[in-house]
>>> print(open('work12.txt').read())   # compact mmCIF, C-alpha atoms
# COMPACT_ATOMS: atom_id res chain seq x y z
CA MET A 96 0.00 0.00 0.00
CA ALA A 97 1.48 3.36 -1.02
CA ALA A 98 1.84 6.18 1.49
CA PRO A 99 -0.41 9.21 1.02
CA THR A 100 1.19 11.95 -1.05
CA ALA A 101 0.84 14.60 1.68
CA TRP A 102 2.81 12.54 4.24
CA LYS A 103 6.57 13.08 4.31
CA PRO A 104 9.03 11.60 6.77
CA SER A 105 11.08 14.25 8.55
CA GLY A 106 14.30 13.41 6.71
CA ILE A 107 12.85 13.71 3.20
CA ARG A 108 13.92 16.89 1.45
CA ASP A 109 11.46 19.21 -0.26
CA PRO A 110 13.03 20.96 -3.29
CA GLN A 111 10.31 23.63 -3.31
CA GLN A 112 11.02 24.56 0.31
CA GLU A 113 14.75 24.62 -0.35
CA ALA A 114 14.23 26.91 -3.36
CA GLU A 115 12.03 29.24 -1.28
CA VAL A 116 14.65 29.34 1.49
CA GLN A 117 17.40 30.01 -1.04
CA ARG A 118 15.46 32.90 -2.62
CA TRP A 119 14.77 34.37 0.82
CA ILE A 120 18.41 34.17 1.93
CA GLU A 121 19.57 35.70 -1.36
CA SER A 122 17.16 38.61 -0.96
CA VAL A 123 18.18 39.23 2.66
CA ILE A 124 21.96 39.06 2.18
CA GLY A 125 21.91 40.64 -1.27
CA GLU A 126 24.04 37.92 -2.85
CA ARG A 127 23.36 34.93 -5.06
CA PHE A 128 24.19 31.42 -3.92
CA PRO A 129 27.34 30.01 -5.51
CA GLY A 130 26.74 27.68 -8.45
CA VAL A 131 26.66 24.54 -6.30
CA ALA A 132 23.90 22.47 -4.75
CA TYR A 133 21.91 23.96 -1.85
CA GLU A 134 23.56 21.84 0.85
CA TYR A 135 27.09 22.53 -0.43
CA ALA A 136 26.40 26.27 -0.52
CA LEU A 137 25.38 26.21 3.15
CA ARG A 138 27.92 23.65 4.40
CA ASP A 139 30.76 26.03 5.27
CA GLY A 140 28.41 28.27 7.29
CA ILE A 141 29.48 31.46 5.51
CA ILE A 142 26.04 32.16 4.00
CA LEU A 143 24.34 31.30 7.29
CA CYS A 144 26.59 33.73 9.18
CA LYS A 145 25.94 36.45 6.59
CA LEU A 146 22.23 35.88 7.02
CA MET A 147 22.35 36.34 10.80
CA ALA A 148 24.65 39.36 10.45
CA ARG A 149 22.09 41.01 8.17
CA LEU A 150 19.11 40.13 10.35
CA GLN A 151 20.69 41.63 13.45
CA PRO A 152 24.05 43.38 13.09
CA GLY A 153 26.52 42.46 15.80
CA LEU A 154 25.34 38.87 16.31
CA ILE A 155 28.25 37.46 14.28
CA THR A 156 31.68 38.69 15.36
CA ARG A 157 33.68 37.20 12.50
CA ILE A 158 33.11 34.96 9.49
CA ASN A 159 35.84 32.49 8.61
CA THR A 160 36.15 32.53 4.84
CA SER A 161 39.29 30.43 4.61
CA GLY A 162 40.92 27.72 6.63
CA GLY A 163 40.27 24.09 7.24
CA ASP A 164 37.23 22.18 8.33
CA TYR A 165 37.61 23.43 11.90
CA LYS A 166 37.19 27.06 10.79
CA MET A 167 34.11 26.22 8.72
CA MET A 168 32.53 24.29 11.59
CA ASP A 169 33.24 27.33 13.78
CA ASN A 170 31.03 29.33 11.39
CA ILE A 171 28.17 26.89 12.01
CA ASN A 172 28.71 27.15 15.78
CA GLN A 173 28.63 30.95 15.55
CA PHE A 174 25.44 30.66 13.54
CA HIS A 175 23.86 28.50 16.30
CA LYS A 176 24.81 31.03 18.98
CA ALA A 177 23.46 33.90 16.88
CA CYS A 178 20.17 32.05 16.36
CA ALA A 179 19.79 31.59 20.12
CA LYS A 180 20.44 35.31 20.72
CA PHE A 181 18.01 36.20 17.93
CA GLY A 182 15.26 34.20 19.65
CA VAL A 183 15.01 31.05 17.55
CA PRO A 184 13.69 28.26 19.80
CA ASP A 185 16.28 25.61 20.63
CA VAL A 186 13.95 22.82 19.46
CA ASP A 187 13.99 24.31 15.95
CA MET A 188 17.79 24.21 15.63
CA PHE A 189 19.57 21.64 13.47
CA GLN A 190 22.63 19.85 14.77
CA THR A 191 25.98 20.64 13.18
CA VAL A 192 26.29 17.08 11.88
CA ASP A 193 22.96 17.49 9.99
CA LEU A 194 24.63 20.04 7.73
CA TRP A 195 28.32 19.19 7.93
CA GLU A 196 27.87 15.50 7.08
CA PHE A 197 24.60 16.00 5.14
CA LYS A 198 22.79 13.77 7.64
CA ASN A 199 19.51 15.70 7.55
CA ILE A 200 19.39 18.72 5.25
CA ASN A 201 15.64 18.94 5.87
CA ASN A 202 16.40 19.97 9.48
CA VAL A 203 18.61 22.75 8.15
CA THR A 204 15.75 24.00 6.00
CA LYS A 205 13.36 23.83 8.97
CA THR A 206 15.79 25.89 11.05
CA ILE A 207 15.89 28.58 8.38
CA TYR A 208 12.08 28.62 8.34
CA ALA A 209 12.20 29.06 12.14
CA ILE A 210 14.53 32.03 11.64
CA GLY A 211 12.03 33.44 9.14
CA ARG A 212 9.20 33.10 11.70
CA THR A 213 11.34 34.72 14.39
CA CYS A 214 11.91 37.74 12.12
CA TYR A 215 8.27 38.72 12.68
CA LYS A 216 9.11 39.31 16.36
CA HIS A 217 11.77 41.87 15.45
CA PRO A 218 10.11 45.17 14.50
CA GLU A 219 13.45 46.57 13.32
CA PHE A 220 13.49 43.97 10.53
CA GLN A 221 11.43 45.27 7.61
CA GLY A 222 11.44 42.13 5.49
CA PRO A 223 11.32 40.16 3.34
CA PHE A 224 9.82 37.51 5.57
CA LEU A 225 9.82 33.72 5.23
CA GLY A 226 6.81 31.65 6.12
CA PRO A 227 3.59 32.60 7.87
CA ARG A 228 3.38 35.06 10.74
CA PRO A 229 3.32 33.19 14.07
CA SER A 230 0.14 33.42 16.09
CA GLU A 231 0.03 35.85 18.97
CA GLU A 232 -1.58 35.61 22.35
CA ASN A 233 -5.27 36.51 22.48
CA ARG A 234 -5.87 36.88 26.21
CA ARG A 235 -9.49 37.11 27.36
CA GLU A 236 -10.93 38.11 30.68
CA TRP A 237 -14.02 36.31 31.98
CA THR A 238 -16.26 37.33 34.85
CA GLU A 239 -17.19 34.81 37.54
CA GLU A 240 -20.77 34.89 36.24
CA GLN A 241 -19.62 33.95 32.72
CA LEU A 242 -17.44 31.13 34.06
CA ARG A 243 -20.31 29.70 36.13
CA ALA A 244 -22.67 29.92 33.15
CA GLY A 245 -20.20 27.95 31.08
CA GLU A 246 -20.16 25.10 33.61
CA MET A 247 -23.86 24.47 32.97
CA VAL A 248 -23.51 24.04 29.21
CA ILE A 249 -22.85 20.66 27.65
CA GLY A 250 -20.75 21.23 24.57
CA LEU A 251 -22.23 19.95 21.33
CA GLN A 252 -19.02 18.12 20.60
CA ALA A 253 -19.41 16.12 23.79
CA GLY A 254 -22.98 15.22 22.89
CA THR A 255 -25.70 14.64 25.46
CA ASN A 256 -27.19 11.68 27.25
CA LYS A 257 -30.30 13.46 28.45
CA GLY A 258 -33.03 10.88 28.95
CA ALA A 259 -30.87 8.00 27.76
CA THR A 260 -31.27 4.70 29.61
CA GLN A 261 -30.71 1.08 28.80
CA ALA A 262 -34.31 0.17 29.51
CA GLY A 263 -35.86 -1.93 26.80
CA GLN A 264 -32.58 -3.16 25.34
CA SER A 265 -32.69 -6.89 24.90
CA PHE A 266 -30.12 -8.00 22.41
CA GLY A 267 -27.38 -10.55 22.77
CA ALA A 268 -27.13 -13.45 25.14
CA THR A 269 -27.46 -12.94 28.86
CA ARG A 270 -24.47 -13.58 31.04
CA LYS A 271 -24.38 -17.02 32.56
CA ILE A 272 -22.47 -17.55 35.77
CA LEU A 273 -21.49 -21.16 36.32
CA LEU A 274 -20.48 -22.02 39.84
CA GLY A 275 -18.15 -24.84 40.67
CA LYS A 276 -16.49 -25.23 37.31
>>> encode(input="work12.txt", output="structure tokens")
Amino acid sequence: MAAPTAWKPSGIRDPQQEAEVQRWIESVIGERFPGVAYEYALRDGIILCKLMARLQPGLITRINTSGGDYKMMDNINQFHKACAKFGVPDVDMFQTVDLWEFKNINNVTKTIYAIGRTCYKHPEFQGPFLGPRPSEENRREWTEEQLRAGEMVIGLQAGTNKGATQAGQSFGATRKILLGK
């Protein structure tokens, strides 16, 4: 039996989402991605650091543009720290190995979407934005009278059993209790 088309395991990449993320990053940093695949363009962390530096100047102290693997992984670590300072929830962050070893590029894309959602919380950022605006709190105040009135109402979703009894039901066999066996 084939899986429904809308269902996607978390590790499966979505080229449309990756293209949307790429366009958004390019518009924010004002540069085009190099002519390599999405994951290779992000792997050294340079583009990610440029993104965070543009979103909030001062978050990234330095960007390593040359050096070995250690320097490039340092870029990713700086990116993680900048995301935390920017307000991206920790649960939305990819692990370094997801990008560095291409273990789960989908998590990288999800992190960038989380950054895009977090941008809405920064009024100094004028856009462009990525993804939908997060919902905001809609606090309501209820009087004691309103709360008590609500206790008396049976919600339609819960249904009602008003007047329902089992009287007159006679289907199925009766229960037989056999003693001594």
>>> atom_distance(input="work12.txt", atom1="atom CA of A:Thr156", atom2="atom CA of A:Gln173")
8.3 Å
>>> residues_around(input="work12.txt", residues="A:Leu146", least_positions_apart="3", cutoff="10 Å", atoms="only C-alpha atoms", output="list in words")
Trp119, Ile120, Glu121, Ser122, Val123, Ile124, Gly125, Gly140, Ile141, Ile142, Leu143, Arg149, Leu150, Gln151, Pro152, Ile155, Phe174, Ile207 and Ile210 of chain A
>>> atom_distance(input="work12.txt", atom1="atom CA of A:Ala177", atom2="atom CA of A:Tyr208")
15.2 Å
>>> atom_distance(input="work12.txt", atom1="atom CA of A:Asp169", atom2="atom CA of A:Met147")
14.4 Å
>>> closest_residue(input="work12.txt", among="A:Ala132, A:Leu274, A:Leu194, A:Met247", to="A:Ala114", atoms="only C-alpha atoms")
A:Ala132
>>> residues_around(input="work12.txt", residues="stretch 158-167 of chain A", least_positions_apart="4", cutoff="8 Å", atoms="all atoms listed in the file", output="list in words")
Arg138, Asp139, Gly140, Ile141, Cys144, Lys145 and Ile171 of chain A
>>> axis_aligned_box(input="work12.txt", around="stretch 145-152 of chain A", padding_each_side="3 Å", output="JSON")
{"center_x": 22.5, "center_y": 39.6, "center_z": 10.0, "size_x": 12.8, "size_y": 13.5, "size_z": 12.9}
>>> closest_residue(input="work12.txt", among="A:Asn199, A:Glu240, A:Phe189, A:Pro184", to="A:Thr213", atoms="only C-alpha atoms")
A:Pro184
>>> closest_residue(input="work12.txt", among="A:Asp187, A:Glu239, A:Glu231, A:Glu134", to="A:Gly211", atoms="all atoms listed in the file")
A:Asp187
